[in-house]
Each structure stands twice: as structure tokens, then as C-alpha cells.
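**Q** Dropping the structure in here first, questions after.
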Amino acid sequence: MSRAVRVSGVSLGTALLLALTATTAAAAPHTPRVERISTAADGSQADGASSAAMITPNGRFAAFRSSATNLVPEGVTHPGTYSYVRDLRTGAVTKIENSLSTPELSADGRFATYIDWGSRNINVFLTDLSTGERIRVGAPDGRDSSYAPAISADGRYIAYRWSGHPQYPTRIDLYDRLTGTRETVSAGPQDSTRDMDNPSISGDGRLVAYQDEGTGDVWVADRTAGTQSEADDGTPSTVVQLSADGRMLAMDSADGSYVRDLRSGRVEHFPGAKVRAVSPDGRRVLLQDGQSNLWLRNVHGGREVLVGHGSAVGAAISDRGRSVVYSTADADVVPGDTNSVSDVFRWRSH
């Protein structure tokens, strides 16, 4: 009389079935998850529109703009659009009331840089969210203007666009938080009247990418080597984002978007799409097609994943593409979306 062979108390047939099931489950891709993050700490949906979200490399903190009045217990002083930082681990929401742009955050979420009105003009400011201390980064005397801040991973360096008297072209300056000093990192002919704009900085603060508004050239300044290198593909281009590791530079042009590997010189083009962000490790980009669909794609080809439908800005991807933040007015992304306005969502690969 035959008997079924048993392995640790389980029949061989059952063991094989369990092994096959486990293998299939391991091989199956993880189902992405999407959650709405432009909510109050208790999960209440916003009573105003939210957009322009950024996320830290570790995926813990997100910053965005919102006209909602109910995201924090104290509400808002006056109707308008404010900046918020959300701790995605605890759910805590912090309002940065005096901010006219989405804050760029240091890697640990401690420092936030943004623009606000100074005594006379718009200036760049830096706030230590752990202490509340706020300092003026650009134009310390308030007579000049500064815009478009970009922050290094440790929050030490802030690159920004400086604007003085109209007779002077705008330039890219850099502020060192530890020393309190400023330096000019952009370059051009001595008689140039062209404006420099749109800085993006590497995580260690060594490299700063920016564009020449007059020629459409894109440059990368190496502050350690003291060099300036042209990085565009020969067409008028705009800077999208320099990856935190300083290797990949994403740019837009009339011919579509492209990414240059600053080490090898290799260029990847994405015709018919716009690059909205590049991951901190430079391996993935967020593309937006003509129908406003957002796709997470490996830079050098391979897998392309649909994230959602909507809009995104630079620094929208966490490390290794694990999280992406974006905004959309679509009401079918998550259950219970009944506020009829644009919200910010976090897409997670698993």
C-alpha cells in the first residue's frame, strides 16, 4: 500500500504547490500604491487646491503649495496660497506662512528654502524647521532681488538667481550657510547682457547647473575644479534638474527632453515628452506625455511605469524611484475624493 511522501508534515504534492505559489508571488511585480497627501494630519481632505509637490530623497518629507484653510489646526491668517511640509511617516503637517514658492528641502527635511517678500523686493530665505530660525539668503541689504533657490542635501549651500539694477544681467550666486558667505558661480563674457537663470545643485554642493537665457546654452559649474562646462545638446535648452549625485542633468528643448550623463557624455533623448524630474541617483526620470500622463522610466531604457495623470515639478522623485509626488484634479485616484479641486498624491512602487 503506497503512502504519500511528506516533507515536514506536508505532502510532497502540497509542498510543490506551495513552492510554485511562492515562486510566482516573488516573481510578480509589486502593485504600486497611491495615497493623497495634501490632507490634514487627521486625514481630512483639503478645502482648497494643492499642487507643485516635492519630496526628499528618502521619501519621508514632502512639500507643496495649497490654498486650503484646514490643513493645520491654526488655519490661515488671510485667504491665499501657502506652503506646507508633510512628514509622510507621522502625518504631521507644518505650514510655512511666509513663502511664495514650494520650499526646496534638505535631504533630512530640516532646512527649507523658498522666496518671500523682503523689505523691498523678493528674496530667497532659509528656515530651520527644527528651530524656526529664518535667515535671508540673497541680497542681505534688501535692495537687490533673488529667486529660484536650490538647496544641497545637507542644507549648507543654496544656489539662486541674483538680480540687481536692470542695467546688470541676472547671475547665479551661491550662499554658504556655515560661513555666511556668497559667491558667483555663473560665467559669461565680460560685456554680456544676457541673463543666467534656473539653477540646480548637486547634493554635495559641488556642481551647479544653470542656463543662459540669451543663447539657450546650459552650463555646469564645478566649484571644486573651478570649471564651466556646456551640457546642452546644441539646441536651446532649459534646466529641469541635476540629480543629487551630480551625474545626470535633465533638460528640455524644442525637440523634446533629454538627459546627459556628465561623466560619460552620453545623451538620452525622449521625443514627444517632457522630463519633469530626475531621481536622486540619476537612474530614473519622470516623463509627461502629450496627454499629461506621467511615466517613471529608466534613463537608459527598460521598464516604464505609469504613475498617474497630472503634473509634477523637479524633485518629485525619491531615491531609486520608490516614491513620486504629483498633483491632479482627477477625482478617481483614491476613494472619497469629493473636494472637486486639485490634490497632491504620492505614488509608491511597493
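Here, A, B, ... name the chains of the C-alpha cells in the order displayed, residue numbers run from 1 inside each chain, and ligands are numbered from 1 in the same displayed order.
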Output as CSV one row per residue of stretch 227-290 of chain A within 12 Å of stretch 326-329 of chain A: the closest atom pair and its distance in Å to one decimal place, counting only C-alpha atoms, sorted by chain and residue number ascending.
**A**
```
residue,atom,partner,partner_atom,distance
A:Arg276,CA,A:Tyr326,CA,10.2
A:Ala277,CA,A:Tyr326,CA,10.7
A:Leu286,CA,A:Tyr326,CA,10.2
A:Leu287,CA,A:Tyr326,CA,11.8
A:Gln288,CA,A:Tyr326,CA,11.1
```
**Q** What would the file look like if the residues just selected were written as a JSON list (two decimals), in the first residue's frame with N, CA and C atoms?
**A**
```json
[["chain", "number", "residue", "atom", "x", "y", "z"],
["A", 276, "ARG", "N", 10.10, 65.89, -16.25],
["A", 276, "ARG", "CA", 9.65, 66.73, -15.14],
["A", 276, "ARG", "C", 10.56, 66.63, -13.93],
["A", 277, "ALA", "N", 11.26, 65.50, -13.77],
["A", 277, "ALA", "CA", 12.15, 65.32, -12.61],
["A", 277, "ALA", "C", 13.09, 64.16, -12.90],
["A", 286, "LEU", "N", 11.05, 61.20, -14.61],
["A", 286, "LEU", "CA", 9.60, 61.28, -14.67],
["A", 286, "LEU", "C", 9.24, 62.03, -15.94],
["A", 287, "LEU", "N", 8.55, 61.37, -16.86],
["A", 287, "LEU", "CA", 8.19, 61.95, -18.14],
["A", 287, "LEU", "C", 6.70, 62.27, -18.17],
["A", 288, "GLN", "N", 6.36, 63.35, -18.86],
["A", 288, "GLN", "CA", 4.96, 63.71, -19.07],
["A", 288, "GLN", "C", 4.69, 63.71, -20.56]]
```
**Q** Excluding same-chain residues fewer than 6 positions from stretch 304-316 of chain A, what lies within 7 Å of it counting only C-alpha atoms, as a PDB file with N, CA and C atoms, in the first residue's frame?
**A**
```pdb
ATOM      1  N   ALA A  52       2.217  71.452  -7.071  1.00  0.00           N
ATOM      2  CA  ALA A  52       3.656  71.752  -7.064  1.00  0.00           C
ATOM      3  C   ALA A  52       4.394  71.055  -5.924  1.00  0.00           C
ATOM      4  N   ALA A  53       4.311  69.732  -5.874  1.00  0.00           N
ATOM      5  CA  ALA A  53       4.889  68.983  -4.764  1.00  0.00           C
ATOM      6  C   ALA A  53       6.315  68.533  -5.031  1.00  0.00           C
ATOM      7  N   MET A  54       7.114  68.488  -3.965  1.00  0.00           N
ATOM      8  CA  MET A  54       8.471  67.961  -3.985  1.00  0.00           C
ATOM      9  C   MET A  54       8.625  66.969  -2.843  1.00  0.00           C
ATOM     10  N   ILE A  55       9.601  66.041  -2.961  1.00  0.00           N
ATOM     11  CA  ILE A  55       9.807  65.028  -1.942  1.00  0.00           C
ATOM     12  C   ILE A  55      11.297  64.884  -1.661  1.00  0.00           C
ATOM     13  N   VAL A 240      16.037  71.299 -16.182  1.00  0.00           N
ATOM     14  CA  VAL A 240      14.962  70.703 -15.399  1.00  0.00           C
ATOM     15  C   VAL A 240      15.475  70.372 -14.007  1.00  0.00           C
ATOM     16  N   GLN A 241      16.521  69.545 -13.937  1.00  0.00           N
ATOM     17  CA  GLN A 241      17.062  69.162 -12.631  1.00  0.00           C
ATOM     18  C   GLN A 241      18.384  68.433 -12.793  1.00  0.00           C
ATOM     19  N   ARG A 276      10.096  65.894 -16.250  1.00  0.00           N
ATOM     20  CA  ARG A 276       9.654  66.731 -15.137  1.00  0.00           C
ATOM     21  C   ARG A 276      10.565  66.633 -13.928  1.00  0.00           C
ATOM     22  N   ALA A 277      11.262  65.496 -13.773  1.00  0.00           N
ATOM     23  CA  ALA A 277      12.148  65.321 -12.614  1.00  0.00           C
ATOM     24  C   ALA A 277      13.088  64.162 -12.900  1.00  0.00           C
ATOM     25  N   VAL A 278      14.197  64.129 -12.153  1.00  0.00           N
ATOM     26  CA  VAL A 278      15.151  63.024 -12.232  1.00  0.00           C
ATOM     27  C   VAL A 278      15.401  62.532 -10.811  1.00  0.00           C
ATOM     28  N   SER A 292      -0.736  64.444 -20.691  1.00  0.00           N
ATOM     29  CA  SER A 292      -0.454  64.715 -19.270  1.00  0.00           C
ATOM     30  C   SER A 292      -0.385  63.447 -18.426  1.00  0.00           C
ATOM     31  N   ASN A 293      -0.080  62.322 -19.065  1.00  0.00           N
ATOM     32  CA  ASN A 293       0.199  61.114 -18.299  1.00  0.00           C
ATOM     33  C   ASN A 293       1.650  61.161 -17.821  1.00  0.00           C
ATOM     34  N   LEU A 294       1.887  60.726 -16.610  1.00  0.00           N
ATOM     35  CA  LEU A 294       3.215  60.737 -16.014  1.00  0.00           C
ATOM     36  C   LEU A 294       3.771  59.325 -15.981  1.00  0.00           C
ATOM     37  N   TRP A 295       4.984  59.172 -16.516  1.00  0.00           N
ATOM     38  CA  TRP A 295       5.615  57.864 -16.618  1.00  0.00           C
ATOM     39  C   TRP A 295       6.965  57.882 -15.915  1.00  0.00           C
ATOM     40  N   LEU A 296       7.221  56.880 -15.099  1.00  0.00           N
ATOM     41  CA  LEU A 296       8.529  56.705 -14.465  1.00  0.00           C
ATOM     42  C   LEU A 296       9.320  55.746 -15.339  1.00  0.00           C
ATOM     43  N   ARG A 297      10.480  56.196 -15.816  1.00  0.00           N
ATOM     44  CA  ARG A 297      11.234  55.414 -16.794  1.00  0.00           C
ATOM     45  C   ARG A 297      12.706  55.352 -16.418  1.00  0.00           C
ATOM     46  N   ASN A 298      13.307  54.210 -16.677  1.00  0.00           N
ATOM     47  CA  ASN A 298      14.752  54.094 -16.526  1.00  0.00           C
ATOM     48  C   ASN A 298      15.423  54.959 -17.582  1.00  0.00           C
ATOM     49  N   VAL A 324       6.923  58.875  -5.962  1.00  0.00           N
ATOM     50  CA  VAL A 324       6.761  60.023  -6.846  1.00  0.00           C
ATOM     51  C   VAL A 324       5.591  60.841  -6.321  1.00  0.00           C
ATOM     52  N   VAL A 325       5.748  62.159  -6.252  1.00  0.00           N
ATOM     53  CA  VAL A 325       4.645  63.024  -5.855  1.00  0.00           C
ATOM     54  C   VAL A 325       4.197  63.837  -7.070  1.00  0.00           C
ATOM     55  N   TYR A 326       2.905  64.018  -7.196  1.00  0.00           N
ATOM     56  CA  TYR A 326       2.354  64.764  -8.320  1.00  0.00           C
ATOM     57  C   TYR A 326       0.989  65.308  -7.917  1.00  0.00           C
ATOM     58  N   SER A 327       0.433  66.185  -8.730  1.00  0.00           N
ATOM     59  CA  SER A 327      -0.880  66.748  -8.439  1.00  0.00           C
ATOM     60  C   SER A 327      -1.821  66.510  -9.610  1.00  0.00           C
ATOM     61  N   THR A 328      -3.087  66.351  -9.292  1.00  0.00           N
ATOM     62  CA  THR A 328      -4.109  66.169 -10.316  1.00  0.00           C
ATOM     63  C   THR A 328      -5.467  66.548  -9.750  1.00  0.00           C
ATOM     64  N   TRP A 347       2.720  58.388  -5.163  1.00  0.00           N
ATOM     65  CA  TRP A 347       2.737  57.063  -5.775  1.00  0.00           C
ATOM     66  C   TRP A 347       3.947  56.321  -5.240  1.00  0.00           C
TER      67      TRP A 347
END
```
**Q** What is the distance, in Å and to one decimal place, between atom CA of A:Ile135 and atom CA of A:Tyr168?
**A**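 A separation of 25.2 Å between them.
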**Q** In Å, with one decimal, what is the gap from atom CA of A:Pro103 to atom CA of A:Arg86?
**A** 11.5 Å
**Q** Under the rule that only C-alpha atoms are counted, which of A:Ser279, A:Pro236, A:Glu268, A:Lys274 is the nearest residue to A:His300?
**A**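 With only C-alpha atoms as the atom set, the closest residue is A:Glu268.
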**Q** Just want the 9 Å neighbourhood of A:Arg263, counted on only C-alpha atoms, with same-chain residues fewer than 2 positions away dropped. Output as a count of residues only.
**A** 6
**Q** Tell me which protein, DNA and RNA residues are within 8 Å of A:Val334, counting only C-alpha atoms, leaving out same-chain ones fewer than 4 positions away, and put them as a ChimeraX atom specification.
**A** /A:34-36
**Q** Would you save the residues of that selection, restricted to N, CA, C and O atoms, as a PDB file, in the first residue's frame?
**A**
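Here's the written file part-v8.pdb:
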```
ATOM      1  N   VAL A  34      -1.045  54.300  -4.196  1.00  0.00           N
ATOM      2  CA  VAL A  34      -1.212  55.744  -4.320  1.00  0.00           C
ATOM      3  C   VAL A  34      -2.018  56.248  -3.133  1.00  0.00           C
ATOM      4  O   VAL A  34      -3.046  55.659  -2.767  1.00  0.00           O
ATOM      5  N   GLU A  35      -1.561  57.338  -2.526  1.00  0.00           N
ATOM      6  CA  GLU A  35      -2.290  57.942  -1.414  1.00  0.00           C
ATOM      7  C   GLU A  35      -2.307  59.454  -1.575  1.00  0.00           C
ATOM      8  O   GLU A  35      -1.383  60.048  -2.133  1.00  0.00           O
ATOM      9  N   ARG A  36      -3.362  60.054  -1.095  1.00  0.00           N
ATOM     10  CA  ARG A  36      -3.457  61.521  -1.129  1.00  0.00           C
ATOM     11  C   ARG A  36      -2.732  62.084   0.087  1.00  0.00           C
ATOM     12  O   ARG A  36      -2.978  61.663   1.210  1.00  0.00           O
TER      13      ARG A  36
END
```
**Q** Would you list the contacts of A:Val93 as a PDB file with all heavy atoms, in the first residue's frame, taking every protein, DNA or RNA residue within 9 Å and counting only C-alpha atoms, but skipping same-chain residues closer than 5 positions in sequence?
**A**
```
ATOM      1  N   THR A  39      -3.577  66.489   2.729  1.00  0.00           N
ATOM      2  CA  THR A  39      -4.666  66.424   3.687  1.00  0.00           C
ATOM      3  C   THR A  39      -4.184  66.924   5.041  1.00  0.00           C
ATOM      4  O   THR A  39      -2.985  67.088   5.268  1.00  0.00           O
ATOM      5  CB  THR A  39      -5.181  64.978   3.857  1.00  0.00           C
ATOM      6  OG1 THR A  39      -4.117  64.175   4.403  1.00  0.00           O
ATOM      7  CG2 THR A  39      -5.636  64.390   2.530  1.00  0.00           C
ATOM      8  N   ALA A  40      -5.123  67.145   5.953  1.00  0.00           N
ATOM      9  CA  ALA A  40      -4.756  67.488   7.326  1.00  0.00           C
ATOM     10  C   ALA A  40      -4.165  66.251   7.993  1.00  0.00           C
ATOM     11  O   ALA A  40      -4.263  65.133   7.480  1.00  0.00           O
ATOM     12  CB  ALA A  40      -5.976  67.987   8.087  1.00  0.00           C
ATOM     13  N   ALA A  41      -3.553  66.433   9.140  1.00  0.00           N
ATOM     14  CA  ALA A  41      -2.913  65.323   9.847  1.00  0.00           C
ATOM     15  C   ALA A  41      -3.910  64.219  10.180  1.00  0.00           C
ATOM     16  O   ALA A  41      -3.541  63.044  10.234  1.00  0.00           O
ATOM     17  CB  ALA A  41      -2.231  65.830  11.115  1.00  0.00           C
ATOM     18  N   LEU A  71      -5.594  72.636   6.622  1.00  0.00           N
ATOM     19  CA  LEU A  71      -4.554  71.613   6.693  1.00  0.00           C
ATOM     20  C   LEU A  71      -3.830  71.593   8.033  1.00  0.00           C
ATOM     21  O   LEU A  71      -3.223  70.581   8.392  1.00  0.00           O
ATOM     22  CB  LEU A  71      -3.540  71.813   5.558  1.00  0.00           C
ATOM     23  CG  LEU A  71      -4.097  71.647   4.142  1.00  0.00           C
ATOM     24  CD1 LEU A  71      -2.980  71.782   3.116  1.00  0.00           C
ATOM     25  CD2 LEU A  71      -4.804  70.309   3.983  1.00  0.00           C
ATOM     26  N   VAL A  72      -3.854  72.705   8.745  1.00  0.00           N
ATOM     27  CA  VAL A  72      -3.247  72.785  10.078  1.00  0.00           C
ATOM     28  C   VAL A  72      -4.277  73.350  11.044  1.00  0.00           C
ATOM     29  O   VAL A  72      -5.180  74.093  10.633  1.00  0.00           O
ATOM     30  CB  VAL A  72      -1.972  73.659  10.068  1.00  0.00           C
ATOM     31  CG1 VAL A  72      -0.849  72.981   9.304  1.00  0.00           C
ATOM     32  CG2 VAL A  72      -2.256  75.027   9.479  1.00  0.00           C
ATOM     33  N   TYR A  84       3.387  74.130   2.534  1.00  0.00           N
ATOM     34  CA  TYR A  84       3.271  73.147   3.605  1.00  0.00           C
ATOM     35  C   TYR A  84       4.344  72.084   3.449  1.00  0.00           C
ATOM     36  O   TYR A  84       4.760  71.757   2.338  1.00  0.00           O
ATOM     37  CB  TYR A  84       1.891  72.484   3.581  1.00  0.00           C
ATOM     38  CG  TYR A  84       0.755  73.435   3.887  1.00  0.00           C
ATOM     39  CD1 TYR A  84       0.160  74.175   2.868  1.00  0.00           C
ATOM     40  CD2 TYR A  84       0.292  73.609   5.186  1.00  0.00           C
ATOM     41  CE1 TYR A  84      -0.871  75.061   3.139  1.00  0.00           C
ATOM     42  CE2 TYR A  84      -0.743  74.491   5.466  1.00  0.00           C
ATOM     43  CZ  TYR A  84      -1.317  75.217   4.433  1.00  0.00           C
ATOM     44  OH  TYR A  84      -2.344  76.102   4.705  1.00  0.00           O
ATOM     45  N   VAL A  85       4.765  71.537   4.583  1.00  0.00           N
ATOM     46  CA  VAL A  85       5.683  70.404   4.614  1.00  0.00           C
ATOM     47  C   VAL A  85       4.999  69.301   5.407  1.00  0.00           C
ATOM     48  O   VAL A  85       4.541  69.521   6.531  1.00  0.00           O
ATOM     49  CB  VAL A  85       7.030  70.767   5.261  1.00  0.00           C
ATOM     50  CG1 VAL A  85       7.916  69.532   5.375  1.00  0.00           C
ATOM     51  CG2 VAL A  85       7.727  71.858   4.461  1.00  0.00           C
ATOM     52  N   ARG A  86       4.938  68.101   4.816  1.00  0.00           N
ATOM     53  CA  ARG A  86       4.286  66.981   5.479  1.00  0.00           C
ATOM     54  C   ARG A  86       5.303  65.893   5.785  1.00  0.00           C
ATOM     55  O   ARG A  86       6.096  65.507   4.914  1.00  0.00           O
ATOM     56  CB  ARG A  86       3.170  66.405   4.609  1.00  0.00           C
ATOM     57  CG  ARG A  86       2.382  65.291   5.303  1.00  0.00           C
ATOM     58  CD  ARG A  86       1.335  64.686   4.388  1.00  0.00           C
ATOM     59  NE  ARG A  86       0.495  63.751   5.126  1.00  0.00           N
ATOM     60  CZ  ARG A  86      -0.674  64.059   5.657  1.00  0.00           C
ATOM     61  NH1 ARG A  86      -1.174  65.282   5.504  1.00  0.00           N
ATOM     62  NH2 ARG A  86      -1.383  63.163   6.324  1.00  0.00           N
ATOM     63  N   ASP A  87       5.289  65.426   7.024  1.00  0.00           N
ATOM     64  CA  ASP A  87       6.082  64.273   7.419  1.00  0.00           C
ATOM     65  C   ASP A  87       5.272  63.041   7.029  1.00  0.00           C
ATOM     66  O   ASP A  87       4.241  62.746   7.648  1.00  0.00           O
ATOM     67  CB  ASP A  87       6.342  64.300   8.929  1.00  0.00           C
ATOM     68  CG  ASP A  87       7.284  63.189   9.385  1.00  0.00           C
ATOM     69  OD1 ASP A  87       7.277  62.115   8.757  1.00  0.00           O
ATOM     70  OD2 ASP A  87       7.999  63.390  10.388  1.00  0.00           O
ATOM     71  N   LEU A  88       5.715  62.330   6.003  1.00  0.00           N
ATOM     72  CA  LEU A  88       4.939  61.209   5.497  1.00  0.00           C
ATOM     73  C   LEU A  88       4.999  59.982   6.393  1.00  0.00           C
ATOM     74  O   LEU A  88       4.253  59.033   6.177  1.00  0.00           O
ATOM     75  CB  LEU A  88       5.423  60.860   4.083  1.00  0.00           C
ATOM     76  CG  LEU A  88       5.235  61.978   3.056  1.00  0.00           C
ATOM     77  CD1 LEU A  88       5.904  61.615   1.739  1.00  0.00           C
ATOM     78  CD2 LEU A  88       3.756  62.276   2.839  1.00  0.00           C
TER      79      LEU A  88
END
```
**Q** To one decimal in Å, tell me the separation between atom CA of A:Trp219 and atom CA of A:Pro280.
**A**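 These two atoms are separated by 19.5 Å.
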**Q** Tell me which protein, DNA and RNA residues are within 8 Å of A:His350, counting only C-alpha atoms, leaving out same-chain ones fewer than 4 positions away, and put them as a list of chain:residue names.
**A**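 Result of the neighbour search: A:His30, A:Thr31, A:Pro32, A:Arg33, A:Arg322.
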**Q** Would you save the residues from that selection as an mmCIF file, in the first residue's frame, using N, CA and C atoms?
**A**
```
data_model
loop_
_atom_site.group_PDB
_atom_site.id
_atom_site.type_symbol
_atom_site.label_atom_id
_atom_site.label_comp_id
_atom_site.auth_asym_id
_atom_site.auth_seq_id
_atom_site.Cartn_x
_atom_site.Cartn_y
_atom_site.Cartn_z
ATOM 1 N N HIS A 30 5.411 44.122 -7.670
ATOM 2 C CA HIS A 30 4.639 44.712 -6.593
ATOM 3 C C HIS A 30 3.596 45.660 -7.179
ATOM 4 N N THR A 31 2.432 45.686 -6.583
ATOM 5 C CA THR A 31 1.383 46.589 -7.025
ATOM 6 C C THR A 31 1.651 47.976 -6.446
ATOM 7 N N PRO A 32 1.794 48.972 -7.287
ATOM 8 C CA PRO A 32 2.041 50.324 -6.771
ATOM 9 C C PRO A 32 0.871 50.795 -5.895
ATOM 10 N N ARG A 33 1.184 51.661 -4.956
ATOM 11 C CA ARG A 33 0.161 52.221 -4.083
ATOM 12 C C ARG A 33 0.134 53.728 -4.245
ATOM 13 N N ARG A 322 11.414 55.074 -5.722
ATOM 14 C CA ARG A 322 10.461 54.386 -4.854
ATOM 15 C C ARG A 322 9.172 55.180 -4.651
#
```
